[in-house]
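Data block for query01.tsv (TSV, N, CA and C atoms and all ligand atoms):
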```tsv
chain	number	residue	atom	x	y	z
A	1	MET	N	-129.32	138.49	90.84
A	1	MET	CA	-129.58	137.08	90.49
A	1	MET	C	-128.74	136.15	91.34
A	2	VAL	N	-127.46	136.46	91.45
A	2	VAL	CA	-126.58	135.69	92.34
A	2	VAL	C	-127.12	135.76	93.75
A	3	PHE	N	-127.59	136.95	94.09
A	3	PHE	CA	-128.20	137.21	95.39
A	3	PHE	C	-129.34	136.23	95.68
A	4	LEU	N	-130.25	136.09	94.71
A	4	LEU	CA	-131.42	135.22	94.91
A	4	LEU	C	-131.00	133.75	94.95
A	5	PHE	N	-129.98	133.41	94.16
A	5	PHE	CA	-129.50	132.03	94.17
A	5	PHE	C	-128.94	131.68	95.55
A	6	ARG	N	-128.33	132.64	96.20
A	6	ARG	CA	-127.80	132.41	97.55
A	6	ARG	C	-128.95	132.04	98.51
A	7	PHE	N	-130.10	132.71	98.37
A	7	PHE	CA	-131.23	132.40	99.24
A	7	PHE	C	-131.75	130.99	98.97
A	8	PHE	N	-131.71	130.60	97.70
A	8	PHE	CA	-132.09	129.24	97.34
A	8	PHE	C	-131.17	128.24	98.05
A	9	LEU	N	-129.86	128.51	98.00
A	9	LEU	CA	-128.90	127.63	98.68
A	9	LEU	C	-129.11	127.65	100.19
A	10	LEU	N	-129.37	128.83	100.72
A	10	LEU	CA	-129.58	128.95	102.16
A	10	LEU	C	-130.81	128.15	102.59
A	11	GLY	N	-131.80	128.09	101.71
A	11	GLY	CA	-132.99	127.31	102.00
A	11	GLY	C	-132.67	125.83	102.15
A	12	ILE	N	-131.70	125.37	101.39
A	12	ILE	CA	-131.34	123.94	101.42
A	12	ILE	C	-130.25	123.67	102.45
A	13	PHE	N	-129.23	124.53	102.47
A	13	PHE	CA	-128.06	124.26	103.31
A	13	PHE	C	-127.92	125.27	104.45
A	14	GLY	N	-129.03	125.91	104.80
A	14	GLY	CA	-128.95	127.02	105.75
A	14	GLY	C	-128.25	126.70	107.05
A	15	ALA	N	-128.35	125.44	107.49
A	15	ALA	CA	-127.78	125.09	108.79
A	15	ALA	C	-126.27	124.88	108.72
A	16	LEU	N	-125.74	124.84	107.53
A	16	LEU	CA	-124.32	124.53	107.40
A	16	LEU	C	-123.47	125.79	107.40
A	17	TRP	N	-122.29	125.67	107.92
A	17	TRP	CA	-121.46	126.86	108.15
A	17	TRP	C	-121.14	127.62	106.88
A	18	PHE	N	-120.95	126.89	105.76
A	18	PHE	CA	-120.52	127.59	104.54
A	18	PHE	C	-121.63	128.40	103.91
A	19	CYS	N	-122.86	128.24	104.41
A	19	CYS	CA	-123.95	129.03	103.88
A	19	CYS	C	-124.48	130.03	104.89
A	20	ARG	N	-123.64	130.40	105.81
A	20	ARG	CA	-124.01	131.45	106.75
A	20	ARG	C	-124.41	132.71	105.97
A	21	MET	N	-125.50	133.32	106.40
A	21	MET	CA	-125.99	134.51	105.71
A	21	MET	C	-125.07	135.70	105.98
A	22	THR	N	-124.93	136.58	105.01
A	22	THR	CA	-124.20	137.82	105.27
A	22	THR	C	-125.16	138.84	105.89
A	23	LYS	N	-124.60	139.87	106.49
A	23	LYS	CA	-125.44	140.93	107.05
A	23	LYS	C	-126.28	141.59	105.96
A	24	GLU	N	-125.70	141.70	104.77
A	24	GLU	CA	-126.43	142.32	103.66
A	24	GLU	C	-127.64	141.47	103.27
A	25	GLU	N	-127.44	140.15	103.25
A	25	GLU	CA	-128.56	139.27	102.91
A	25	GLU	C	-129.64	139.31	103.98
A	26	PHE	N	-129.21	139.30	105.25
A	26	PHE	CA	-130.18	139.40	106.34
A	26	PHE	C	-130.97	140.70	106.22
A	27	SER	N	-130.25	141.81	105.96
A	27	SER	CA	-130.90	143.12	105.82
A	27	SER	C	-131.88	143.13	104.66
A	28	PHE	N	-131.51	142.46	103.57
A	28	PHE	CA	-132.36	142.37	102.38
A	28	PHE	C	-133.69	141.68	102.74
A	29	LEU	N	-133.60	140.56	103.46
A	29	LEU	CA	-134.81	139.84	103.87
A	29	LEU	C	-135.63	140.68	104.85
A	30	PHE	N	-134.92	141.36	105.75
A	30	PHE	CA	-135.59	142.21	106.75
A	30	PHE	C	-136.38	143.33	106.06
A	31	ARG	N	-135.73	144.00	105.10
A	31	ARG	CA	-136.40	145.10	104.38
A	31	ARG	C	-137.62	144.57	103.62
A	32	ALA	N	-137.48	143.39	103.04
A	32	ALA	CA	-138.60	142.80	102.28
A	32	ALA	C	-139.78	142.52	103.21
A	33	GLU	N	-139.49	142.02	104.43
A	33	GLU	CA	-140.56	141.76	105.39
A	33	GLU	C	-141.23	143.07	105.82
A	34	CYS	N	-140.42	144.11	106.07
A	34	CYS	CA	-140.97	145.41	106.47
A	34	CYS	C	-141.88	145.96	105.37
A	35	ARG	N	-141.42	145.83	104.12
A	35	ARG	CA	-142.21	146.33	102.99
A	35	ARG	C	-143.52	145.57	102.88
A	36	GLN	N	-143.40	144.25	102.96
A	36	GLN	CA	-144.57	143.39	102.79
A	36	GLN	C	-145.63	143.69	103.84
A	37	HIS	N	-145.19	143.97	105.08
A	37	HIS	CA	-146.14	144.18	106.17
A	37	HIS	C	-146.34	145.66	106.49
A	38	LYS	N	-145.79	146.54	105.61
A	38	LYS	CA	-145.97	147.99	105.76
A	38	LYS	C	-145.54	148.48	107.14
A	39	ILE	N	-144.33	148.07	107.53
A	39	ILE	CA	-143.77	148.51	108.81
A	39	ILE	C	-142.60	149.44	108.49
A	40	ALA	N	-142.68	150.67	108.96
A	40	ALA	CA	-141.66	151.66	108.63
A	40	ALA	C	-140.79	151.97	109.84
A	41	ASP	N	-139.60	152.47	109.54
A	41	ASP	CA	-138.72	153.05	110.56
A	41	ASP	C	-138.24	152.07	111.61
A	42	VAL	N	-137.87	150.88	111.21
A	42	VAL	CA	-137.20	149.95	112.13
A	42	VAL	C	-135.77	149.74	111.62
A	43	GLU	N	-134.81	149.97	112.49
A	43	GLU	CA	-133.41	149.83	112.10
A	43	GLU	C	-132.84	148.50	112.58
A	44	LEU	N	-131.82	148.03	111.89
A	44	LEU	CA	-131.09	146.84	112.32
A	44	LEU	C	-129.73	147.27	112.87
A	45	VAL	N	-129.33	146.64	113.97
A	45	VAL	CA	-127.98	146.88	114.51
A	45	VAL	C	-127.33	145.52	114.70
A	46	PHE	N	-126.22	145.28	114.02
A	46	PHE	CA	-125.50	144.00	114.14
A	46	PHE	C	-124.44	144.12	115.22
A	47	LEU	N	-124.49	143.19	116.18
A	47	LEU	CA	-123.68	143.36	117.39
A	47	LEU	C	-122.66	142.26	117.64
A	48	GLY	N	-122.53	141.30	116.74
A	48	GLY	CA	-121.52	140.27	116.95
A	48	GLY	C	-122.03	139.08	117.75
A	49	GLU	N	-121.16	138.46	118.51
A	49	GLU	CA	-121.48	137.19	119.17
A	49	GLU	C	-122.36	137.38	120.40
A	50	SER	N	-123.23	136.41	120.63
A	50	SER	CA	-123.92	136.27	121.91
A	50	SER	C	-124.21	134.78	122.09
A	51	LYS	N	-123.89	134.25	123.24
A	51	LYS	CA	-124.15	132.82	123.48
A	51	LYS	C	-125.62	132.55	123.74
A	52	SER	N	-126.32	133.53	124.30
A	52	SER	CA	-127.65	133.25	124.82
A	52	SER	C	-128.79	133.68	123.91
A	53	THR	N	-128.54	134.58	123.00
A	53	THR	CA	-129.69	135.11	122.25
A	53	THR	C	-129.34	135.35	120.79
A	54	LEU	N	-130.38	135.34	119.95
A	54	LEU	CA	-130.21	135.59	118.52
A	54	LEU	C	-130.48	137.04	118.17
A	55	ALA	N	-131.48	137.61	118.86
A	55	ALA	CA	-131.89	138.97	118.52
A	55	ALA	C	-132.67	139.57	119.69
A	56	ILE	N	-132.67	140.88	119.77
A	56	ILE	CA	-133.43	141.59	120.80
A	56	ILE	C	-134.14	142.76	120.13
A	57	ALA	N	-135.45	142.87	120.38
A	57	ALA	CA	-136.19	144.02	119.86
A	57	ALA	C	-136.12	145.14	120.89
A	58	LYS	N	-135.76	146.34	120.44
A	58	LYS	CA	-135.70	147.51	121.32
A	58	LYS	C	-136.87	148.41	120.97
A	59	GLY	N	-137.93	148.32	121.74
A	59	GLY	CA	-139.15	149.06	121.42
A	59	GLY	C	-138.97	150.56	121.41
A	60	HIS	N	-138.33	151.09	122.43
A	60	HIS	CA	-138.19	152.55	122.54
A	60	HIS	C	-137.37	153.12	121.38
A	61	ASP	N	-136.36	152.38	120.96
A	61	ASP	CA	-135.48	152.87	119.90
A	61	ASP	C	-135.94	152.42	118.52
A	62	SER	N	-136.99	151.59	118.47
A	62	SER	CA	-137.48	151.07	117.19
A	62	SER	C	-136.35	150.43	116.39
A	63	CYS	N	-135.60	149.57	117.05
A	63	CYS	CA	-134.55	148.88	116.32
A	63	CYS	C	-134.43	147.44	116.82
A	64	LEU	N	-133.79	146.62	116.00
A	64	LEU	CA	-133.53	145.24	116.37
A	64	LEU	C	-132.03	145.04	116.52
A	65	TRP	N	-131.64	144.47	117.64
A	65	TRP	CA	-130.25	144.05	117.82
A	65	TRP	C	-130.14	142.64	117.28
A	66	ILE	N	-129.24	142.44	116.34
A	66	ILE	CA	-129.06	141.13	115.71
A	66	ILE	C	-127.67	140.59	116.07
A	67	PHE	N	-127.65	139.38	116.61
A	67	PHE	CA	-126.38	138.75	116.97
A	67	PHE	C	-126.00	137.71	115.91
A	68	ASP	N	-124.74	137.33	115.93
A	68	ASP	CA	-124.21	136.49	114.85
A	68	ASP	C	-124.99	135.19	114.64
A	69	GLY	N	-125.51	134.61	115.74
A	69	GLY	CA	-126.25	133.36	115.64
A	69	GLY	C	-127.43	133.46	114.68
A	70	ALA	N	-127.98	134.67	114.56
A	70	ALA	CA	-129.13	134.88	113.68
A	70	ALA	C	-128.75	134.71	112.21
A	71	LEU	N	-127.45	134.82	111.91
A	71	LEU	CA	-127.00	134.71	110.52
A	71	LEU	C	-126.76	133.26	110.12
A	72	SER	N	-126.85	132.36	111.09
A	72	SER	CA	-126.62	130.93	110.81
A	72	SER	C	-127.91	130.12	110.81
A	73	LEU	N	-129.04	130.79	110.85
A	73	LEU	CA	-130.31	130.08	110.83
A	73	LEU	C	-130.64	129.63	109.41
A	74	SER	N	-131.55	128.67	109.32
A	74	SER	CA	-132.07	128.32	107.99
A	74	SER	C	-132.90	129.49	107.47
A	75	TYR	N	-133.20	129.45	106.20
A	75	TYR	CA	-134.00	130.52	105.59
A	75	TYR	C	-135.35	130.66	106.31
A	76	GLN	N	-136.03	129.54	106.53
A	76	GLN	CA	-137.35	129.57	107.18
A	76	GLN	C	-137.27	130.17	108.58
A	77	ASN	N	-136.25	129.76	109.33
A	77	ASN	CA	-136.13	130.25	110.70
A	77	ASN	C	-135.69	131.72	110.74
A	78	THR	N	-134.96	132.15	109.70
A	78	THR	CA	-134.60	133.57	109.61
A	78	THR	C	-135.85	134.42	109.46
A	79	ILE	N	-136.74	133.97	108.56
A	79	ILE	CA	-138.00	134.70	108.36
A	79	ILE	C	-138.81	134.70	109.66
A	80	GLU	N	-138.83	133.54	110.35
A	80	GLU	CA	-139.58	133.47	111.60
A	80	GLU	C	-138.99	134.43	112.64
A	81	LEU	N	-137.65	134.46	112.72
A	81	LEU	CA	-137.00	135.35	113.67
A	81	LEU	C	-137.34	136.82	113.37
A	82	ILE	N	-137.25	137.20	112.11
A	82	ILE	CA	-137.55	138.59	111.73
A	82	ILE	C	-138.99	138.94	112.10
A	83	ARG	N	-139.93	138.05	111.80
A	83	ARG	CA	-141.34	138.32	112.12
A	83	ARG	C	-141.57	138.34	113.62
A	84	HIS	N	-140.91	137.42	114.34
A	84	HIS	CA	-141.00	137.38	115.81
A	84	HIS	C	-140.61	138.74	116.39
A	85	GLU	N	-139.48	139.26	115.91
A	85	GLU	CA	-138.97	140.53	116.46
A	85	GLU	C	-139.84	141.71	116.00
A	86	LEU	N	-140.30	141.67	114.75
A	86	LEU	CA	-141.19	142.75	114.29
A	86	LEU	C	-142.50	142.74	115.08
A	87	ALA	N	-142.96	141.55	115.50
A	87	ALA	CA	-144.18	141.47	116.32
A	87	ALA	C	-143.95	142.19	117.65
A	88	HIS	N	-142.72	142.12	118.19
A	88	HIS	CA	-142.41	142.87	119.41
A	88	HIS	C	-142.51	144.38	119.16
A	89	ILE	N	-141.98	144.82	118.02
A	89	ILE	CA	-142.02	146.25	117.70
A	89	ILE	C	-143.47	146.72	117.54
A	90	LEU	N	-144.28	145.92	116.82
A	90	LEU	CA	-145.69	146.30	116.62
A	90	LEU	C	-146.44	146.28	117.94
A	91	ASP	N	-146.14	145.30	118.78
A	91	ASP	CA	-146.75	145.22	120.11
A	91	ASP	C	-146.40	146.48	120.90
A	92	PHE	N	-145.14	146.90	120.83
A	92	PHE	CA	-144.71	148.10	121.55
A	92	PHE	C	-145.44	149.34	121.02
A	93	ARG	N	-145.55	149.43	119.70
A	93	ARG	CA	-146.21	150.60	119.09
A	93	ARG	C	-147.71	150.60	119.36
A	94	ASP	N	-148.26	149.45	119.71
A	94	ASP	CA	-149.69	149.31	119.98
A	94	ASP	C	-149.93	149.38	121.49
A	95	GLY	N	-149.54	150.46	122.10
A	95	GLY	CA	-149.85	150.67	123.52
A	95	GLY	C	-148.75	150.28	124.47
A	96	GLY	N	-147.59	149.88	123.97
A	96	GLY	CA	-146.46	149.60	124.87
A	96	GLY	C	-146.48	148.18	125.40
A	97	TRP	N	-145.31	147.71	125.85
A	97	TRP	CA	-145.24	146.38	126.42
A	97	TRP	C	-145.87	146.37	127.80
A	98	LYS	N	-146.46	145.24	128.15
A	98	LYS	CA	-147.19	145.12	129.42
A	98	LYS	C	-146.35	144.39	130.46
A	99	ARG	N	-146.64	144.67	131.70
A	99	ARG	CA	-145.98	143.96	132.80
A	99	ARG	C	-146.91	142.87	133.31
A	100	LYS	N	-146.30	141.80	133.77
A	100	LYS	CA	-147.06	140.72	134.41
A	100	LYS	C	-146.38	140.54	135.76
A	101	GLY	N	-146.97	141.10	136.79
A	101	GLY	CA	-146.28	141.11	138.08
A	101	GLY	C	-145.07	142.00	137.99
A	102	SER	N	-143.91	141.48	138.33
A	102	SER	CA	-142.70	142.31	138.33
A	102	SER	C	-141.94	142.19	137.02
A	103	ARG	N	-142.43	141.34	136.10
A	103	ARG	CA	-141.68	141.10	134.85
A	103	ARG	C	-142.41	141.66	133.65
A	104	TRP	N	-141.63	141.95	132.60
A	104	TRP	CA	-142.25	142.34	131.33
A	104	TRP	C	-142.87	141.12	130.69
A	105	ASP	N	-144.11	141.26	130.28
A	105	ASP	CA	-144.82	140.16	129.62
A	105	ASP	C	-144.69	140.35	128.11
A	106	ILE	N	-143.45	140.19	127.60
A	106	ILE	CA	-143.22	140.56	126.21
A	106	ILE	C	-143.78	139.55	125.20
A	107	HIS	N	-144.02	138.32	125.67
A	107	HIS	CA	-144.62	137.34	124.76
A	107	HIS	C	-146.08	137.09	125.13
A	108	GLY	N	-146.79	138.18	125.41
A	108	GLY	CA	-148.17	138.09	125.85
A	108	GLY	C	-149.17	138.02	124.71
A	109	ALA	N	-150.43	138.22	125.06
A	109	ALA	CA	-151.52	138.05	124.09
A	109	ALA	C	-151.40	139.00	122.91
A	110	ASN	N	-151.01	140.26	123.19
A	110	ASN	CA	-150.94	141.23	122.09
A	110	ASN	C	-149.81	140.89	121.12
A	111	TRP	N	-148.68	140.42	121.68
A	111	TRP	CA	-147.57	139.98	120.81
A	111	TRP	C	-148.01	138.80	119.95
A	112	LYS	N	-148.76	137.85	120.57
A	112	LYS	CA	-149.24	136.68	119.81
A	112	LYS	C	-150.19	137.11	118.70
A	113	LYS	N	-150.97	138.14	118.96
A	113	LYS	CA	-151.88	138.67	117.93
A	113	LYS	C	-151.06	139.14	116.71
A	114	PHE	N	-149.95	139.84	116.97
A	114	PHE	CA	-149.14	140.34	115.86
A	114	PHE	C	-148.37	139.22	115.17
A	115	CYS	N	-148.02	138.18	115.91
A	115	CYS	CA	-147.42	137.00	115.27
A	115	CYS	C	-148.38	136.42	114.24
A	116	ALA	N	-149.65	136.35	114.63
A	116	ALA	CA	-150.65	135.79	113.71
A	116	ALA	C	-150.80	136.68	112.48
A	117	ILE	N	-150.77	138.00	112.68
A	117	ILE	CA	-150.90	138.95	111.57
A	117	ILE	C	-149.70	138.82	110.63
A	118	LEU	N	-148.50	138.69	111.19
A	118	LEU	CA	-147.29	138.62	110.38
A	118	LEU	C	-147.07	137.23	109.80
A	119	GLY	N	-147.75	136.24	110.38
A	119	GLY	CA	-147.63	134.88	109.86
A	119	GLY	C	-146.43	134.13	110.37
A	120	CYS	N	-146.17	134.23	111.67
A	120	CYS	CA	-145.10	133.41	112.25
A	120	CYS	C	-145.64	132.67	113.46
A	121	LYS	N	-144.96	131.60	113.82
A	121	LYS	CA	-145.33	130.85	115.01
A	121	LYS	C	-145.09	131.72	116.24
A	122	ALA	N	-145.97	131.61	117.22
A	122	ALA	CA	-145.81	132.41	118.44
A	122	ALA	C	-145.00	131.60	119.45
A	123	ARG	N	-143.80	131.15	119.04
A	123	ARG	CA	-142.96	130.42	119.99
A	123	ARG	C	-141.81	131.33	120.42
A	124	THR	N	-141.30	131.08	121.60
A	124	THR	CA	-140.34	132.02	122.18
A	124	THR	C	-138.90	131.60	121.95
A	125	SER	N	-138.71	130.44	121.36
A	125	SER	CA	-137.34	130.07	121.05
A	125	SER	C	-137.29	129.46	119.66
A	126	ILE	N	-136.33	129.92	118.88
A	126	ILE	CA	-136.21	129.46	117.49
A	126	ILE	C	-134.98	128.57	117.39
A	127	PRO	N	-135.15	127.35	116.89
A	127	PRO	CA	-134.00	126.44	116.81
A	127	PRO	C	-132.86	127.02	115.97
A	128	ARG	N	-131.64	126.90	116.47
A	128	ARG	CA	-130.50	127.46	115.72
A	128	ARG	C	-130.14	126.57	114.53
A	129	VAL	N	-130.51	125.30	114.63
A	129	VAL	CA	-130.21	124.38	113.53
A	129	VAL	C	-131.52	123.89	112.93
A	130	GLY	N	-131.60	123.88	111.62
A	130	GLY	CA	-132.78	123.34	110.96
A	130	GLY	C	-133.79	124.42	110.62
B	201	ZN	ZN	-139.40	137.48	121.71
```
Spit out the file's structure as structure tokens when you get a sec.
Ligand SMILES: [Zn+2]
Amino acid sequence: MVFLFRFFLLGIFGALWFCRMTKEEFSFLFRAECRQHKIADVELVFLGESKSTLAIAKGHDSCLWIFDGALSLSYQNTIELIRHELAHILDFRDGGWKRKGSRWDIHGANWKKFCAILGCKARTSIPRVG
């Protein structure tokens, strides 16, 4: 119950430092998303600080690298981040990531298809505040 009240607070004050999510709370939301969308065998790895990124999906290892910035998002943006990264995993499991010229086209059409299925915006950057 205290747990759920924290999510209520995070929904309102998510951008503020005193309501930074704990790893346990992030994991709780992640597991709920996996259950809801019937996605099995994806692990979370918490890696500490990164200036440039919030999270990285590792297709081959079926895991998500989560950096500290991801714990300071609002509730809505946390859900979007989780779905964004799960869309990468589903894209990988659905025939592997594609190349576009010399680069990986990780935010391509197939990834966008999975964003639509999971119900998140197909944008490539999630605001850290708000
Ligand atoms: Zn991405």
### Message
Under the rule that only C-alpha atoms are counted, which of A:Glu33, A:Arg83, A:Asp94, A:Arg6 is the nearest residue to Thr124 of chain A?
### Response
A:Arg83
### Task
Skip His84 of chain A itself and residues of its chain fewer than 2 positions away, then list as a list of chain:residue names all residues within 8 Å of it, counting only C-alpha atoms.
A:Glu80, A:Leu81, A:Ile82, A:Leu86, A:Ala87, A:His88, A:Cys115, A:Cys120, A:Lys121, A:Ala122
Among the residues of chain A, find those DSSP assigns to alpha helix (DSSP H) from the backbone and print them as a compact mmCIF listing (two decimals) with N, CA and C atoms, keeping the file's coordinate frame.
```txt
# COMPACT_ATOMS: atom_id res chain seq x y z
N VAL A 2 -127.46 136.46 91.45
CA VAL A 2 -126.58 135.69 92.34
C VAL A 2 -127.12 135.76 93.75
N PHE A 3 -127.59 136.95 94.09
CA PHE A 3 -128.20 137.21 95.39
C PHE A 3 -129.34 136.23 95.68
N LEU A 4 -130.25 136.09 94.71
CA LEU A 4 -131.42 135.22 94.91
C LEU A 4 -131.00 133.75 94.95
N PHE A 5 -129.98 133.41 94.16
CA PHE A 5 -129.50 132.03 94.17
C PHE A 5 -128.94 131.68 95.55
N ARG A 6 -128.33 132.64 96.20
CA ARG A 6 -127.80 132.41 97.55
C ARG A 6 -128.95 132.04 98.51
N PHE A 7 -130.10 132.71 98.37
CA PHE A 7 -131.23 132.40 99.24
C PHE A 7 -131.75 130.99 98.97
N PHE A 8 -131.71 130.60 97.70
CA PHE A 8 -132.09 129.24 97.34
C PHE A 8 -131.17 128.24 98.05
N LEU A 9 -129.86 128.51 98.00
CA LEU A 9 -128.90 127.63 98.68
C LEU A 9 -129.11 127.65 100.19
N LEU A 10 -129.37 128.83 100.72
CA LEU A 10 -129.58 128.95 102.16
C LEU A 10 -130.81 128.15 102.59
N GLY A 11 -131.80 128.09 101.71
CA GLY A 11 -132.99 127.31 102.00
C GLY A 11 -132.67 125.83 102.15
N ILE A 12 -131.70 125.37 101.39
CA ILE A 12 -131.34 123.94 101.42
C ILE A 12 -130.25 123.67 102.45
N PHE A 13 -129.23 124.53 102.47
CA PHE A 13 -128.06 124.26 103.31
C PHE A 13 -127.92 125.27 104.45
N LYS A 23 -124.60 139.87 106.49
CA LYS A 23 -125.44 140.93 107.05
C LYS A 23 -126.28 141.59 105.96
N GLU A 24 -125.70 141.70 104.77
CA GLU A 24 -126.43 142.32 103.66
C GLU A 24 -127.64 141.47 103.27
N GLU A 25 -127.44 140.15 103.25
CA GLU A 25 -128.56 139.27 102.91
C GLU A 25 -129.64 139.31 103.98
N PHE A 26 -129.21 139.30 105.25
CA PHE A 26 -130.18 139.40 106.34
C PHE A 26 -130.97 140.70 106.22
N SER A 27 -130.25 141.81 105.96
CA SER A 27 -130.90 143.12 105.82
C SER A 27 -131.88 143.13 104.66
N PHE A 28 -131.51 142.46 103.57
CA PHE A 28 -132.36 142.37 102.38
C PHE A 28 -133.69 141.68 102.74
N LEU A 29 -133.60 140.56 103.46
CA LEU A 29 -134.81 139.84 103.87
C LEU A 29 -135.63 140.68 104.85
N PHE A 30 -134.92 141.36 105.75
CA PHE A 30 -135.59 142.21 106.75
C PHE A 30 -136.38 143.33 106.06
N ARG A 31 -135.73 144.00 105.10
CA ARG A 31 -136.40 145.10 104.38
C ARG A 31 -137.62 144.57 103.62
N ALA A 32 -137.48 143.39 103.04
CA ALA A 32 -138.60 142.80 102.28
C ALA A 32 -139.78 142.52 103.21
N GLU A 33 -139.49 142.02 104.43
CA GLU A 33 -140.56 141.76 105.39
C GLU A 33 -141.23 143.07 105.82
N CYS A 34 -140.42 144.11 106.07
CA CYS A 34 -140.97 145.41 106.47
C CYS A 34 -141.88 145.96 105.37
N ARG A 35 -141.42 145.83 104.12
CA ARG A 35 -142.21 146.33 102.99
C ARG A 35 -143.52 145.57 102.88
N GLN A 36 -143.40 144.25 102.96
CA GLN A 36 -144.57 143.39 102.79
C GLN A 36 -145.63 143.69 103.84
N TYR A 75 -133.20 129.45 106.20
CA TYR A 75 -134.00 130.52 105.59
C TYR A 75 -135.35 130.66 106.31
N GLN A 76 -136.03 129.54 106.53
CA GLN A 76 -137.35 129.57 107.18
C GLN A 76 -137.27 130.17 108.58
N ASN A 77 -136.25 129.76 109.33
CA ASN A 77 -136.13 130.25 110.70
C ASN A 77 -135.69 131.72 110.74
N THR A 78 -134.96 132.15 109.70
CA THR A 78 -134.60 133.57 109.61
C THR A 78 -135.85 134.42 109.46
N ILE A 79 -136.74 133.97 108.56
CA ILE A 79 -138.00 134.70 108.36
C ILE A 79 -138.81 134.70 109.66
N GLU A 80 -138.83 133.54 110.35
CA GLU A 80 -139.58 133.47 111.60
C GLU A 80 -138.99 134.43 112.64
N LEU A 81 -137.65 134.46 112.72
CA LEU A 81 -137.00 135.35 113.67
C LEU A 81 -137.34 136.82 113.37
N ILE A 82 -137.25 137.20 112.11
CA ILE A 82 -137.55 138.59 111.73
C ILE A 82 -138.99 138.94 112.10
N ARG A 83 -139.93 138.05 111.80
CA ARG A 83 -141.34 138.32 112.12
C ARG A 83 -141.57 138.34 113.62
N HIS A 84 -140.91 137.42 114.34
CA HIS A 84 -141.00 137.38 115.81
C HIS A 84 -140.61 138.74 116.39
N GLU A 85 -139.48 139.26 115.91
CA GLU A 85 -138.97 140.53 116.46
C GLU A 85 -139.84 141.71 116.00
N LEU A 86 -140.30 141.67 114.75
CA LEU A 86 -141.19 142.75 114.29
C LEU A 86 -142.50 142.74 115.08
N ALA A 87 -142.96 141.55 115.50
CA ALA A 87 -144.18 141.47 116.32
C ALA A 87 -143.95 142.19 117.65
N HIS A 88 -142.72 142.12 118.19
CA HIS A 88 -142.41 142.87 119.41
C HIS A 88 -142.51 144.38 119.16
N ILE A 89 -141.98 144.82 118.02
CA ILE A 89 -142.02 146.25 117.70
C ILE A 89 -143.47 146.72 117.54
N LEU A 90 -144.28 145.92 116.82
CA LEU A 90 -145.69 146.30 116.62
C LEU A 90 -146.44 146.28 117.94
N ASP A 91 -146.14 145.30 118.78
CA ASP A 91 -146.75 145.22 120.11
C ASP A 91 -146.40 146.48 120.90
N PHE A 92 -145.14 146.90 120.83
CA PHE A 92 -144.71 148.10 121.55
C PHE A 92 -145.44 149.34 121.02
N ARG A 93 -145.55 149.43 119.70
CA ARG A 93 -146.21 150.60 119.09
C ARG A 93 -147.71 150.60 119.36
N ALA A 109 -150.43 138.22 125.06
CA ALA A 109 -151.52 138.05 124.09
C ALA A 109 -151.40 139.00 122.91
N ASN A 110 -151.01 140.26 123.19
CA ASN A 110 -150.94 141.23 122.09
C ASN A 110 -149.81 140.89 121.12
N TRP A 111 -148.68 140.42 121.68
CA TRP A 111 -147.57 139.98 120.81
C TRP A 111 -148.01 138.80 119.95
N LYS A 112 -148.76 137.85 120.57
CA LYS A 112 -149.24 136.68 119.81
C LYS A 112 -150.19 137.11 118.70
N LYS A 113 -150.97 138.14 118.96
CA LYS A 113 -151.88 138.67 117.93
C LYS A 113 -151.06 139.14 116.71
N PHE A 114 -149.95 139.84 116.97
CA PHE A 114 -149.14 140.34 115.86
C PHE A 114 -148.37 139.22 115.17
N CYS A 115 -148.02 138.18 115.91
CA CYS A 115 -147.42 137.00 115.27
C CYS A 115 -148.38 136.42 114.24
N ALA A 116 -149.65 136.35 114.63
CA ALA A 116 -150.65 135.79 113.71
C ALA A 116 -150.80 136.68 112.48
N ILE A 117 -150.77 138.00 112.68
CA ILE A 117 -150.90 138.95 111.57
C ILE A 117 -149.70 138.82 110.63
N LEU A 118 -148.50 138.69 111.19
CA LEU A 118 -147.29 138.62 110.38
C LEU A 118 -147.07 137.23 109.80
```
#### Entry: Close residues, Ser27 of chain A itself excluded, 12 Å, only C-alpha atoms, min 2 positions apart in chain, as a PyMOL selection string
chain A and resi 21-25+29-34+42-46+64+66+70-71+78-79+82
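Coordinates place atom C of Gly108 of chain A at a distance of 8.9 Å from atom CA of Asp91 of chain A.
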### Task
Go through segment 6-113 of chain A and collect every residue that DSSP, computed from the backbone, puts in strand (DSSP E); the answer should be as a PyMOL selection string.
chain A and resi 43-48+55-58+63-67+99-100+103-104
